[in-house]
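With mmCIF, C-alpha atoms inside, this is protein.cif:
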data_query
#
loop_
_atom_site.label_atom_id
_atom_site.label_comp_id
_atom_site.auth_asym_id
_atom_site.auth_seq_id
_atom_site.Cartn_x
_atom_site.Cartn_y
_atom_site.Cartn_z
CA MET K 1 36.51 5.30 20.68
CA SER K 2 34.71 8.24 19.13
CA ASP K 3 31.67 9.83 20.74
CA ASP K 4 29.42 8.39 17.97
CA THR K 5 30.12 4.79 18.95
CA MET K 6 29.81 5.28 22.71
CA PRO K 7 26.46 4.28 24.25
CA HIS K 8 24.51 7.16 25.72
CA ASP K 9 22.56 7.06 28.97
CA GLY K 10 19.65 4.63 28.75
CA GLU K 11 20.74 3.14 25.41
CA GLU K 12 21.83 -0.43 24.91
CA GLU K 13 25.46 -0.92 24.05
CA ALA K 14 25.82 -1.78 20.38
CA TYR K 15 28.59 -1.98 17.89
CA THR K 16 28.50 -0.03 14.69
CA VAL K 17 28.93 -1.93 11.44
CA ARG K 18 28.18 -0.30 8.12
CA PRO K 19 25.22 -1.93 6.33
CA TYR K 20 27.25 -2.64 3.18
CA ALA K 21 29.69 -4.66 5.28
CA LEU K 22 26.86 -6.95 6.41
CA THR K 23 25.64 -7.54 2.86
CA GLY K 24 29.01 -7.87 1.19
CA GLY K 25 28.54 -4.58 -0.61
CA ARG K 26 25.21 -5.56 -2.15
CA VAL K 27 22.39 -3.06 -1.89
CA SER K 28 19.63 -5.32 -3.17
CA ALA K 29 18.83 -8.99 -2.89
CA ALA K 30 18.70 -11.39 -5.80
CA SER K 31 14.92 -11.20 -5.52
CA SER K 32 14.63 -7.53 -4.71
CA ASP K 33 10.83 -7.68 -4.77
CA LEU K 34 10.72 -9.32 -1.34
CA PRO K 35 7.89 -7.46 0.41
CA MET K 36 8.40 -6.29 3.97
CA GLU K 37 5.27 -8.17 5.04
CA ALA K 38 6.59 -11.50 3.72
CA LEU K 39 6.69 -14.10 6.47
CA VAL K 40 9.77 -16.21 7.06
CA GLU K 41 10.38 -19.29 9.15
CA SER K 42 13.60 -21.04 10.02
CA THR K 43 14.13 -24.50 8.59
CA VAL K 44 17.28 -25.25 10.62
CA ASP K 45 18.37 -25.11 14.22
CA PRO K 46 20.13 -21.76 14.78
CA GLN K 47 22.74 -23.48 16.98
CA ALA K 48 23.71 -25.82 14.13
CA SER K 49 24.39 -22.98 11.71
CA SER K 50 28.09 -22.49 12.23
CA GLY K 51 30.00 -20.12 10.02
CA LEU K 52 27.21 -17.57 9.78
CA THR K 53 27.47 -13.94 10.83
CA PRO K 54 25.88 -12.94 14.14
CA GLU K 55 23.18 -11.04 12.23
CA LYS K 56 22.18 -14.09 10.21
CA LYS K 57 22.19 -16.24 13.36
CA LYS K 58 19.91 -13.70 15.06
CA ILE K 59 17.48 -13.81 12.12
CA LEU K 60 17.40 -17.62 12.29
CA GLN K 61 16.84 -17.48 16.03
CA LEU K 62 13.96 -15.03 15.68
CA ALA K 63 12.32 -17.12 12.94
CA GLN K 64 12.69 -20.39 14.84
CA GLY K 65 9.32 -21.90 15.74
CA GLN K 66 7.24 -18.93 14.60
CA PHE K 67 6.62 -16.82 11.54
CA GLN K 68 8.27 -13.41 11.47
CA SER K 69 7.77 -10.74 8.85
CA VAL K 70 10.78 -9.14 7.20
CA ALA K 71 9.75 -5.85 8.86
CA GLU K 72 9.65 -7.49 12.30
CA LEU K 73 13.09 -8.99 11.75
CA SER K 74 14.37 -5.55 10.83
CA ALA K 75 12.95 -4.07 14.02
CA HIS K 76 14.19 -6.86 16.29
CA THR K 77 17.70 -6.86 14.84
CA ARG K 78 17.84 -3.06 14.58
CA LEU K 79 19.09 -3.37 11.03
CA PRO K 80 17.83 -1.40 8.02
CA LEU K 81 15.03 -3.09 6.07
CA GLY K 82 17.15 -3.31 2.92
CA VAL K 83 19.92 -5.12 4.78
CA VAL K 84 17.46 -7.61 6.30
CA ARG K 85 15.97 -8.27 2.85
CA VAL K 86 19.41 -9.17 1.51
CA LEU K 87 20.25 -11.36 4.53
CA VAL K 88 16.86 -13.14 4.44
CA THR K 89 17.25 -13.83 0.73
CA ASP K 90 20.78 -15.16 1.32
CA LEU K 91 19.51 -17.50 4.04
CA ALA K 92 16.60 -18.67 1.88
CA GLU K 93 18.96 -19.46 -1.03
CA VAL K 94 20.84 -21.94 1.17
CA ASN K 95 17.56 -23.35 2.56
CA TYR K 96 18.01 -21.99 6.09
CA LEU K 97 14.79 -19.96 5.81
CA LYS K 98 11.51 -20.51 4.04
CA ILE K 99 9.80 -17.37 2.70
CA HIS K 100 6.01 -17.19 2.54
CA VAL K 101 4.66 -14.43 0.33
CA GLY K 102 0.90 -14.12 0.30
CA GLY K 103 -1.34 -11.77 -1.55
CA THR K 104 -0.97 -8.11 -0.67
CA ALA K 105 -3.37 -5.22 -1.04
CA ASP K 106 -1.52 -4.26 -4.24
CA ASP K 107 -1.97 -7.69 -5.83
CA ALA K 108 -4.59 -8.07 -8.55
CA THR K 109 -5.64 -11.38 -6.92
CA THR K 110 -6.80 -9.55 -3.79
CA HIS K 111 -9.34 -7.41 -5.66
CA ASP K 112 -12.86 -8.26 -6.73
CA ALA K 113 -14.46 -7.59 -10.13
CA SER K 114 -15.37 -3.99 -9.21
CA GLY K 115 -11.80 -3.15 -8.19
CA GLY K 116 -12.43 -3.20 -4.45
CA LEU K 117 -10.64 -5.43 -1.99
CA SER K 118 -11.85 -9.02 -2.12
CA LEU K 119 -14.02 -10.47 0.61
CA SER K 120 -11.44 -13.16 1.39
CA LEU K 121 -8.74 -10.53 2.02
CA LEU K 122 -11.02 -8.53 4.30
CA GLU K 123 -12.01 -11.69 6.19
CA SER K 124 -8.33 -12.55 6.64
CA VAL K 125 -7.66 -9.10 8.08
CA LEU K 126 -10.59 -9.42 10.50
CA ASP K 127 -9.45 -12.90 11.54
CA GLY K 128 -5.97 -11.53 12.22
CA ILE K 129 -7.33 -8.67 14.31
CA ALA K 130 -9.59 -11.05 16.25
CA ALA K 131 -6.61 -13.28 16.98
CA LEU K 132 -4.83 -10.40 18.69
#

Structure rendered as structure tokens:
Amino acid sequence: MSDDTMPHDGEEEAYTVRPYALTGGRVSAASSDLPMEALVESTVDPQASSGLTPEKKKILQLAQGQFQSVAELSAHTRLPLGVVRVLVTDLAEVNYLKIHVGGTADDATTHDASGGLSLSLLESVLDGIAAL
């Protein structure tokens, strides 16, 4: 084993797989506009999803019973954001995940007539902070 694949003191042991191997060589998902703040939820039991890669099973497990953003899934799986976008899209295409994309700060629907952020968006942000 080379020195690059050996765990160092204090680091978790992990295997090294090239990102393109996880995505089948694809660098973007079919719907490449999947925002990193999009929320996903699992629609199947992760244990019943045989034949999936360990990375896809981990994503299903993390999204089981709670909403997870694409960015959170990337952090929890320690996979690059682009790879997670491709895997999430793959899982959604076979109805293993449901993707919820709400309005973002860049959306025209989240702005008021004067071009500022809408009151409903600001209230949603405050509600989210209060819930923490």

### Message
Which residues are close to Glu41 (chain K), i.e. within 7 Å by only C-alpha atoms, leaving aside same-chain residues fewer than 4 positions away? Reply as a list in words.
### Response
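Answer for this query is Ala63, Gln64, Gln66, Phe67, Gln68, Leu97, Lys98 and Ile99 of chain K.
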
### Query
Any idea what the distance is between CA of Gly65 (chain K) and CA of Ser42 (chain K)?
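Straight-line distance from CA of Gly65 (chain K) to CA of Ser42 (chain K) works out to 7.2 Å.
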
### Query
In Å, how far is it from CA of Glu72 (chain K) to CA of Lys58 (chain K)?
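Between CA of Glu72 (chain K) and CA of Lys58 (chain K) the gap works out to 12.3 Å.
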
### Task
Report the distance between CA of Ser49 (chain K) and CA of Thr89 (chain K) in Å, rounded to one decimal place.
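Separating CA of Ser49 (chain K) from CA of Thr89 (chain K) is a distance of 16.0 Å.
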
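When only C-alpha atoms are used to measure the gap to Leu91 (chain K), the shortest distance among K:Val125, K:Leu60, K:Leu39, K:Ala131 belongs to K:Leu60.
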
### Message
Can you spell out as a list of chain:residue names the set of residues that the PyMOL selection byres ((chain K and resi 88) around 8) selects in the structure I just provided?
### Response
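On this input, the PyMOL selection byres ((chain K and resi 88) around 8) captures K:Lys56, K:Ile59, K:Val70, K:Val84, K:Arg85, K:Val86, K:Leu87, K:Thr89, K:Asp90, K:Leu91, K:Ala92, K:Leu97.
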
Could I get region 71-98 of chain K rebuilt with N, CA and C atoms, written as a PDB file, in the coordinates of the input?
ATOM      1  N   ALA K  71       9.770  -7.107   8.091  1.00  0.00           N
ATOM      2  CA  ALA K  71       9.750  -5.850   8.860  1.00  0.00           C
ATOM      3  C   ALA K  71      10.007  -6.103  10.338  1.00  0.00           C
ATOM      4  N   GLU K  72       9.417  -7.163  10.884  1.00  0.00           N
ATOM      5  CA  GLU K  72       9.650  -7.490  12.300  1.00  0.00           C
ATOM      6  C   GLU K  72      11.109  -7.870  12.535  1.00  0.00           C
ATOM      7  N   LEU K  73      11.681  -8.618  11.615  1.00  0.00           N
ATOM      8  CA  LEU K  73      13.090  -8.990  11.750  1.00  0.00           C
ATOM      9  C   LEU K  73      13.971  -7.752  11.729  1.00  0.00           C
ATOM     10  N   SER K  74      13.619  -6.803  10.886  1.00  0.00           N
ATOM     11  CA  SER K  74      14.370  -5.550  10.830  1.00  0.00           C
ATOM     12  C   SER K  74      14.298  -4.809  12.155  1.00  0.00           C
ATOM     13  N   ALA K  75      13.119  -4.771  12.733  1.00  0.00           N
ATOM     14  CA  ALA K  75      12.950  -4.070  14.020  1.00  0.00           C
ATOM     15  C   ALA K  75      13.682  -4.789  15.147  1.00  0.00           C
ATOM     16  N   HIS K  76      13.564  -6.104  15.206  1.00  0.00           N
ATOM     17  CA  HIS K  76      14.190  -6.860  16.290  1.00  0.00           C
ATOM     18  C   HIS K  76      15.718  -6.862  16.211  1.00  0.00           C
ATOM     19  N   THR K  77      16.245  -6.856  14.995  1.00  0.00           N
ATOM     20  CA  THR K  77      17.700  -6.860  14.840  1.00  0.00           C
ATOM     21  C   THR K  77      18.287  -5.461  14.786  1.00  0.00           C
ATOM     22  N   ARG K  78      17.416  -4.465  14.695  1.00  0.00           N
ATOM     23  CA  ARG K  78      17.840  -3.060  14.580  1.00  0.00           C
ATOM     24  C   ARG K  78      18.733  -2.834  13.366  1.00  0.00           C
ATOM     25  N   LEU K  79      18.389  -3.523  12.288  1.00  0.00           N
ATOM     26  CA  LEU K  79      19.090  -3.370  11.030  1.00  0.00           C
ATOM     27  C   LEU K  79      18.151  -2.738  10.014  1.00  0.00           C
ATOM     28  N   PRO K  80      18.688  -1.985   9.058  1.00  0.00           N
ATOM     29  CA  PRO K  80      17.830  -1.400   8.020  1.00  0.00           C
ATOM     30  C   PRO K  80      17.078  -2.481   7.240  1.00  0.00           C
ATOM     31  N   LEU K  81      15.893  -2.140   6.788  1.00  0.00           N
ATOM     32  CA  LEU K  81      15.030  -3.090   6.070  1.00  0.00           C
ATOM     33  C   LEU K  81      15.737  -3.658   4.847  1.00  0.00           C
ATOM     34  N   GLY K  82      16.447  -2.835   4.102  1.00  0.00           N
ATOM     35  CA  GLY K  82      17.150  -3.310   2.920  1.00  0.00           C
ATOM     36  C   GLY K  82      18.207  -4.349   3.245  1.00  0.00           C
ATOM     37  N   VAL K  83      18.897  -4.164   4.352  1.00  0.00           N
ATOM     38  CA  VAL K  83      19.920  -5.120   4.780  1.00  0.00           C
ATOM     39  C   VAL K  83      19.262  -6.445   5.150  1.00  0.00           C
ATOM     40  N   VAL K  84      18.157  -6.383   5.887  1.00  0.00           N
ATOM     41  CA  VAL K  84      17.460  -7.610   6.300  1.00  0.00           C
ATOM     42  C   VAL K  84      16.923  -8.349   5.074  1.00  0.00           C
ATOM     43  N   ARG K  85      16.433  -7.614   4.080  1.00  0.00           N
ATOM     44  CA  ARG K  85      15.970  -8.270   2.850  1.00  0.00           C
ATOM     45  C   ARG K  85      17.087  -9.068   2.199  1.00  0.00           C
ATOM     46  N   VAL K  86      18.268  -8.482   2.117  1.00  0.00           N
ATOM     47  CA  VAL K  86      19.410  -9.170   1.510  1.00  0.00           C
ATOM     48  C   VAL K  86      19.788 -10.402   2.346  1.00  0.00           C
ATOM     49  N   LEU K  87      19.860 -10.239   3.668  1.00  0.00           N
ATOM     50  CA  LEU K  87      20.250 -11.360   4.530  1.00  0.00           C
ATOM     51  C   LEU K  87      19.215 -12.488   4.499  1.00  0.00           C
ATOM     52  N   VAL K  88      17.932 -12.132   4.501  1.00  0.00           N
ATOM     53  CA  VAL K  88      16.860 -13.140   4.440  1.00  0.00           C
ATOM     54  C   VAL K  88      16.937 -13.896   3.122  1.00  0.00           C
ATOM     55  N   THR K  89      17.147 -13.183   2.034  1.00  0.00           N
ATOM     56  CA  THR K  89      17.250 -13.830   0.730  1.00  0.00           C
ATOM     57  C   THR K  89      18.460 -14.765   0.685  1.00  0.00           C
ATOM     58  N   ASP K  90      19.582 -14.309   1.249  1.00  0.00           N
ATOM     59  CA  ASP K  90      20.780 -15.160   1.320  1.00  0.00           C
ATOM     60  C   ASP K  90      20.481 -16.449   2.078  1.00  0.00           C
ATOM     61  N   LEU K  91      19.818 -16.332   3.222  1.00  0.00           N
ATOM     62  CA  LEU K  91      19.510 -17.500   4.040  1.00  0.00           C
ATOM     63  C   LEU K  91      18.508 -18.425   3.343  1.00  0.00           C
ATOM     64  N   ALA K  92      17.580 -17.857   2.598  1.00  0.00           N
ATOM     65  CA  ALA K  92      16.600 -18.670   1.880  1.00  0.00           C
ATOM     66  C   ALA K  92      17.269 -19.428   0.724  1.00  0.00           C
ATOM     67  N   GLU K  93      18.270 -18.809   0.090  1.00  0.00           N
ATOM     68  CA  GLU K  93      18.960 -19.460  -1.030  1.00  0.00           C
ATOM     69  C   GLU K  93      19.710 -20.711  -0.587  1.00  0.00           C
ATOM     70  N   VAL K  94      20.150 -20.752   0.661  1.00  0.00           N
ATOM     71  CA  VAL K  94      20.840 -21.940   1.170  1.00  0.00           C
ATOM     72  C   VAL K  94      19.910 -22.807   2.031  1.00  0.00           C
ATOM     73  N   ASN K  95      18.611 -22.570   1.895  1.00  0.00           N
ATOM     74  CA  ASN K  95      17.560 -23.350   2.560  1.00  0.00           C
ATOM     75  C   ASN K  95      17.607 -23.299   4.075  1.00  0.00           C
ATOM     76  N   TYR K  96      18.062 -22.191   4.640  1.00  0.00           N
ATOM     77  CA  TYR K  96      18.010 -21.990   6.090  1.00  0.00           C
ATOM     78  C   TYR K  96      16.683 -21.335   6.497  1.00  0.00           C
ATOM     79  N   LEU K  97      16.079 -20.623   5.570  1.00  0.00           N
ATOM     80  CA  LEU K  97      14.790 -19.960   5.810  1.00  0.00           C
ATOM     81  C   LEU K  97      13.836 -20.323   4.691  1.00  0.00           C
ATOM     82  N   LYS K  98      12.558 -20.352   5.029  1.00  0.00           N
ATOM     83  CA  LYS K  98      11.510 -20.510   4.040  1.00  0.00           C
ATOM     84  C   LYS K  98      10.707 -19.208   4.023  1.00  0.00           C
TER      85      LYS K  98
END
